[in-house]
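> Just model_11.cif, nothing more (mmCIF, C-alpha atoms):
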data_run
#
loop_
_atom_site.group_PDB
_atom_site.id
_atom_site.type_symbol
_atom_site.label_atom_id
_atom_site.label_comp_id
_atom_site.auth_asym_id
_atom_site.auth_seq_id
_atom_site.Cartn_x
_atom_site.Cartn_y
_atom_site.Cartn_z
ATOM 1 C CA MET K 165 -54.244 194.668 -73.516
ATOM 2 C CA ASN K 166 -52.129 194.377 -76.631
ATOM 3 C CA TYR K 167 -52.677 190.962 -78.213
ATOM 4 C CA PHE K 168 -49.364 191.086 -80.063
ATOM 5 C CA GLU K 169 -47.599 191.357 -76.705
ATOM 6 C CA LEU K 170 -49.814 188.687 -75.134
ATOM 7 C CA PHE K 171 -48.847 186.213 -77.872
ATOM 8 C CA GLU K 172 -45.265 187.508 -78.027
ATOM 9 C CA LEU K 173 -45.645 188.356 -81.713
ATOM 10 C CA PRO K 174 -43.946 191.131 -83.635
ATOM 11 C CA PHE K 175 -46.203 194.143 -84.144
ATOM 12 C CA ARG K 176 -46.788 193.566 -87.859
ATOM 13 C CA ALA K 177 -49.632 193.853 -90.360
ATOM 14 C CA SER K 178 -49.184 190.180 -91.193
ATOM 15 C CA ILE K 179 -47.937 187.415 -88.921
ATOM 16 C CA ASP K 180 -46.678 183.857 -89.159
ATOM 17 C CA ASN K 181 -49.503 181.677 -87.823
ATOM 18 C CA THR K 182 -47.268 178.728 -86.934
ATOM 19 C CA HIS K 183 -46.388 180.355 -83.615
ATOM 20 C CA VAL K 184 -50.003 181.316 -82.838
ATOM 21 C CA VAL K 185 -51.463 177.847 -82.213
ATOM 22 C CA LYS K 186 -48.610 176.778 -79.944
ATOM 23 C CA LYS K 187 -48.733 180.041 -77.996
ATOM 24 C CA TYR K 188 -52.523 179.762 -77.654
ATOM 25 C CA MET K 189 -52.215 176.266 -76.181
ATOM 26 C CA ASP K 190 -49.439 177.373 -73.807
ATOM 27 C CA LEU K 191 -51.445 180.369 -72.602
ATOM 28 C CA GLN K 192 -54.627 178.362 -72.117
ATOM 29 C CA LYS K 193 -52.712 175.756 -70.094
ATOM 30 C CA LYS K 194 -51.552 178.567 -67.871
ATOM 31 C CA TYR K 195 -54.736 180.688 -67.605
ATOM 32 C CA HIS K 196 -57.762 178.504 -68.382
ATOM 33 C CA PRO K 197 -60.405 179.013 -65.654
ATOM 34 C CA ASP K 198 -60.669 175.254 -65.053
ATOM 35 C CA PHE K 199 -57.221 175.401 -63.458
ATOM 36 C CA PHE K 200 -58.412 178.038 -60.967
ATOM 37 C CA THR K 201 -61.453 176.309 -59.441
ATOM 38 C CA LEU K 202 -59.840 176.106 -55.998
ATOM 39 C CA GLU K 203 -58.618 179.721 -56.001
ATOM 40 C CA ASN K 204 -60.371 182.758 -54.509
ATOM 41 C CA GLU K 205 -62.996 184.702 -56.499
ATOM 42 C CA ALA K 206 -60.590 187.455 -57.569
ATOM 43 C CA GLU K 207 -58.144 184.943 -59.047
ATOM 44 C CA LYS K 208 -60.993 183.061 -60.759
ATOM 45 C CA GLU K 209 -62.273 186.278 -62.324
ATOM 46 C CA GLU K 210 -58.781 187.244 -63.452
ATOM 47 C CA ALA K 211 -58.300 183.822 -65.039
ATOM 48 C CA GLU K 212 -61.657 184.127 -66.840
ATOM 49 C CA LYS K 213 -60.740 187.575 -68.172
ATOM 50 C CA LYS K 214 -57.286 186.437 -69.262
ATOM 51 C CA SER K 215 -58.727 183.328 -70.937
ATOM 52 C CA ALA K 216 -61.294 185.471 -72.772
ATOM 53 C CA ASP K 217 -58.501 187.796 -73.979
ATOM 54 C CA ILE K 218 -56.499 184.780 -75.147
ATOM 55 C CA ASN K 219 -59.509 183.431 -77.070
ATOM 56 C CA LYS K 220 -60.186 186.803 -78.671
ATOM 57 C CA ALA K 221 -56.545 187.233 -79.667
ATOM 58 C CA TYR K 222 -56.477 183.731 -81.118
ATOM 59 C CA THR K 223 -59.597 184.458 -83.179
ATOM 60 C CA ILE K 224 -57.944 187.609 -84.527
ATOM 61 C CA PHE K 225 -54.582 186.019 -85.319
ATOM 62 C CA LYS K 226 -56.106 183.000 -87.068
ATOM 63 C CA ASP K 227 -57.576 185.308 -89.713
ATOM 64 C CA LYS K 228 -55.325 187.417 -91.947
ATOM 65 C CA ASP K 229 -57.953 190.138 -92.443
ATOM 66 C CA LYS K 230 -58.766 190.373 -88.732
ATOM 67 C CA THR K 231 -55.058 190.553 -87.921
ATOM 68 C CA LEU K 232 -54.642 193.449 -90.346
ATOM 69 C CA GLU K 233 -57.691 195.222 -88.929
ATOM 70 C CA TYR K 234 -56.436 194.817 -85.357
ATOM 71 C CA PHE K 235 -52.975 196.040 -86.369
ATOM 72 C CA LEU K 236 -54.432 199.121 -88.094
ATOM 73 C CA GLN K 237 -56.681 199.829 -85.103
ATOM 74 C CA GLN K 238 -53.708 199.626 -82.748
ATOM 75 C CA LYS K 239 -51.884 202.108 -84.994
ATOM 76 C CA ASP K 240 -54.991 204.380 -84.946
ATOM 77 C CA ILE K 241 -55.157 204.133 -88.732
ATOM 78 C CA VAL K 242 -58.615 202.500 -88.810
ATOM 79 C CA THR K 243 -61.456 203.264 -86.440
ATOM 80 C CA THR K 244 -64.719 201.467 -85.810
ATOM 81 C CA ASP K 245 -67.545 202.705 -88.062
ATOM 82 C CA GLU K 246 -65.171 204.886 -90.091
ATOM 83 C CA LYS K 247 -66.619 206.119 -93.377
ATOM 84 C CA TYR K 248 -63.649 205.570 -95.651
ATOM 85 C CA GLN K 249 -63.873 207.007 -99.160
ATOM 86 C CA LEU K 250 -62.842 204.367 -101.678
ATOM 87 C CA PRO K 251 -61.277 205.446 -104.990
ATOM 88 C CA PRO K 252 -63.647 205.883 -107.958
ATOM 89 C CA ASP K 253 -61.816 203.322 -110.130
ATOM 90 C CA PHE K 254 -62.348 200.644 -107.473
ATOM 91 C CA LEU K 255 -66.021 201.576 -107.165
ATOM 92 C CA MET K 256 -66.383 201.243 -110.947
ATOM 93 C CA GLU K 257 -65.003 197.705 -110.743
ATOM 94 C CA ILE K 258 -67.461 196.966 -107.947
ATOM 95 C CA MET K 259 -70.285 198.278 -110.155
ATOM 96 C CA ASP K 260 -69.217 195.792 -112.852
ATOM 97 C CA ILE K 261 -69.326 192.970 -110.314
ATOM 98 C CA ASN K 262 -72.734 194.071 -109.022
ATOM 99 C CA GLU K 263 -74.037 194.210 -112.590
ATOM 100 C CA ALA K 264 -72.849 190.650 -113.189
ATOM 101 C CA VAL K 265 -74.505 189.603 -109.918
ATOM 102 C CA THR K 266 -77.775 191.203 -111.033
ATOM 103 C CA GLU K 267 -77.567 189.358 -114.350
ATOM 104 C CA ASP K 268 -76.884 186.154 -112.372
ATOM 105 C CA ASN K 269 -73.732 185.571 -114.405
ATOM 106 C CA ARG K 270 -71.685 183.509 -111.914
ATOM 107 C CA GLU K 271 -68.799 182.939 -114.306
ATOM 108 C CA THR K 272 -68.302 186.670 -114.868
ATOM 109 C CA VAL K 273 -68.764 187.427 -111.160
ATOM 110 C CA ASN K 274 -66.125 184.867 -110.172
ATOM 111 C CA ARG K 275 -63.708 186.082 -112.849
ATOM 112 C CA LEU K 276 -64.100 189.732 -111.822
ATOM 113 C CA ILE K 277 -63.771 188.971 -108.112
ATOM 114 C CA ASP K 278 -60.696 186.787 -108.659
ATOM 115 C CA SER K 279 -59.068 189.449 -110.805
ATOM 116 C CA LEU K 280 -59.803 192.220 -108.319
ATOM 117 C CA SER K 281 -58.646 190.093 -105.373
ATOM 118 C CA HIS K 282 -55.317 189.397 -107.098
ATOM 119 C CA GLN K 283 -54.860 193.087 -107.875
ATOM 120 C CA LEU K 284 -55.483 193.982 -104.245
ATOM 121 C CA GLU K 285 -53.041 191.347 -102.953
ATOM 122 C CA ASP K 286 -50.359 192.342 -105.453
ATOM 123 C CA GLY K 287 -50.637 195.972 -104.361
ATOM 124 C CA VAL K 288 -49.613 195.244 -100.762
ATOM 125 C CA GLN K 289 -47.660 191.999 -100.918
ATOM 126 C CA GLU K 290 -44.277 193.664 -100.453
ATOM 127 C CA ILE K 291 -45.596 195.474 -97.367
ATOM 128 C CA PHE K 292 -46.739 192.207 -95.800
ATOM 129 C CA LEU K 293 -43.329 190.682 -96.478
ATOM 130 C CA LYS K 294 -41.359 193.493 -94.826
ATOM 131 C CA ASN K 295 -38.632 192.614 -92.376
ATOM 132 C CA GLU K 296 -39.750 192.618 -88.720
ATOM 133 C CA GLN K 297 -37.225 195.324 -87.862
ATOM 134 C CA SER K 298 -38.468 197.672 -90.599
ATOM 135 C CA GLU K 299 -40.917 200.380 -89.705
ATOM 136 C CA TYR K 300 -43.899 201.033 -91.939
ATOM 137 C CA SER K 301 -43.887 204.358 -93.741
ATOM 138 C CA ALA K 302 -46.959 206.609 -93.718
ATOM 139 C CA ASP K 303 -47.527 205.708 -97.380
ATOM 140 C CA GLU K 304 -47.395 201.980 -96.589
ATOM 141 C CA LEU K 305 -49.848 202.380 -93.726
ATOM 142 C CA ASN K 306 -52.211 204.303 -95.998
ATOM 143 C CA ARG K 307 -51.914 201.577 -98.652
ATOM 144 C CA LEU K 308 -52.712 198.946 -96.021
ATOM 145 C CA LYS K 309 -55.715 200.980 -94.910
ATOM 146 C CA GLU K 310 -57.033 201.259 -98.453
ATOM 147 C CA TYR K 311 -56.408 197.548 -99.009
ATOM 148 C CA PHE K 312 -58.294 196.742 -95.801
ATOM 149 C CA TYR K 313 -61.361 198.744 -96.839
ATOM 150 C CA LYS K 314 -61.346 197.379 -100.368
ATOM 151 C CA LYS K 315 -61.151 193.814 -99.054
ATOM 152 C CA LYS K 316 -63.953 194.561 -96.598
ATOM 153 C CA TYR K 317 -66.131 195.891 -99.418
ATOM 154 C CA LEU K 318 -65.371 192.885 -101.584
ATOM 155 C CA LYS K 319 -66.109 190.514 -98.690
ATOM 156 C CA ARG K 320 -69.588 192.027 -98.320
ATOM 157 C CA ILE K 321 -70.298 191.146 -101.948
ATOM 158 C CA LEU K 322 -68.987 187.627 -101.460
ATOM 159 C CA ASP K 323 -71.098 187.205 -98.327
ATOM 160 C CA ARG K 324 -74.160 188.408 -100.214
ATOM 161 C CA LEU K 325 -73.466 185.875 -102.981
ATOM 162 C CA SER K 326 -73.286 182.996 -100.529
ATOM 163 C CA ASP K 327 -76.742 183.807 -99.092
#
Would you kindly transcribe this structure into structure tokens?

Amino acid sequence: MNYFELFELPFRASIDNTHVVKKYMDLQKKYHPDFFTLENEAEKEEAEKKSADINKAYTIFKDKDKTLEYFLQQKDIVTTDEKYQLPPDFLMEIMDINEAVTEDNRETVNRLIDSLSHQLEDGVQEIFLKNEQSEYSADELNRLKEYFYKKKYLKRILDRLSD
């Protein structure tokens, strides 16, 4: 099942979330298992599966990073457990952040993370803003893939800091 089709969304790396909540509510009103209690077992099971798909799609589309990951997976650009090689300059910046973490210098850590996050966003912003009718080039898809893995790496550091 393609969640973009389920929610009647354009197949894009970034979506407008205003449509997502309304579509989620409409779909749940139509397919929620509670509305199928008097139906036969096959219809109940189908409603449960459809409702689960709707919930999973909603969880993905609520989160910008999950939406991008799902989009890239659908394009076969990103695969589960892929060992993506990040560029050395990015890894050097990560080393600086890890050093600041080790020194327990929160101010430096926050400054470095904010700076790196802004750089990452700036590098793909025009791709996210592309017209719905425009196709993504191979270069743009590769830039989105690199952005995705950099953000994922940075998120692991942030998660570690919050522990």
> With distances taken over only C-alpha atoms, which of K:Met165, K:Ala302, K:Ile321, K:Ala216 is nearest to Leu236 in chain K?
K:Ala302
> Might you spell out which residues the PyMOL selection byres ((chain K and resi 253-257) around 10) would select in the displayed file, as a ChimeraX atom specification?
/K:249-252,258-263,276-277,280,314,317
> Give me the residues within 9 Å of Lys309 in chain K as a ChimeraX atom specification, counting all atoms listed in the file and dropping any in the same chain fewer than 6 places off.
/K:232-233,236,241-242
> Once 5 Å is added on each side, what centre and edge lengths in Å to one decimal does the axis-aligned box around all listed atoms of range 234-248 of chain K have, as AutoDock Vina command-line options?

--center_x -59.7 --center_y 200.5 --center_z -89.2 --size_x 25.7 --size_y 21.3 --size_z 22.9
> So how far away is CA of Tyr313 in chain K from CA of Arg270 in chain K, in Å?
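A separation of 23.8 Å between them.
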> Using all atoms listed in the file, which of the listed residues (K:Lys214, K:Arg320, K:Arg275, K:Lys239) sits closest to Arg176 in chain K?
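Looking only at the distances to Arg176 in chain K, the closest residue turns out to be K:Lys239.
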> Suppose you want the space between CA of Phe292 in chain K and CA of Ser326 in chain K; what is it in Å?
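About the pair CA of Phe292 in chain K and CA of Ser326 in chain K: they are 28.5 Å apart.
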> Work out how far apart CA of Asn181 in chain K and CA of Gln289 in chain K are and give it in Å to one decimal.
16.8 Å
> Using only C-alpha atoms, find the one residue out of K:Tyr248, K:Phe235, K:Phe312, K:Phe199 that sits nearest to Phe175 in chain K.
K:Phe235
> Considering all atoms listed in the file, can you say which of K:Phe168, K:Glu299, K:Glu271, K:Lys230 comes closest to Lys316 in chain K?
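Counting all atoms listed in the file, the residue closest to Lys316 in chain K is K:Lys230.
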> Looking at K:Met189, K:Ala206, K:Ala221, K:Ile291, which one is nearest to Asn166 in chain K, with distances taken over all atoms listed in the file?
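Between K:Met189, K:Ala206, K:Ala221, K:Ile291, the residue approaching Asn166 in chain K most closely is K:Ala221.
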> The PyMOL selection byres ((chain K and resi 222) around 9) - which residues does that actually catch in the file I just gave you? List them as a PyMOL selection string.
chain K and resi 167+171+184-185+188+217-221+223-227
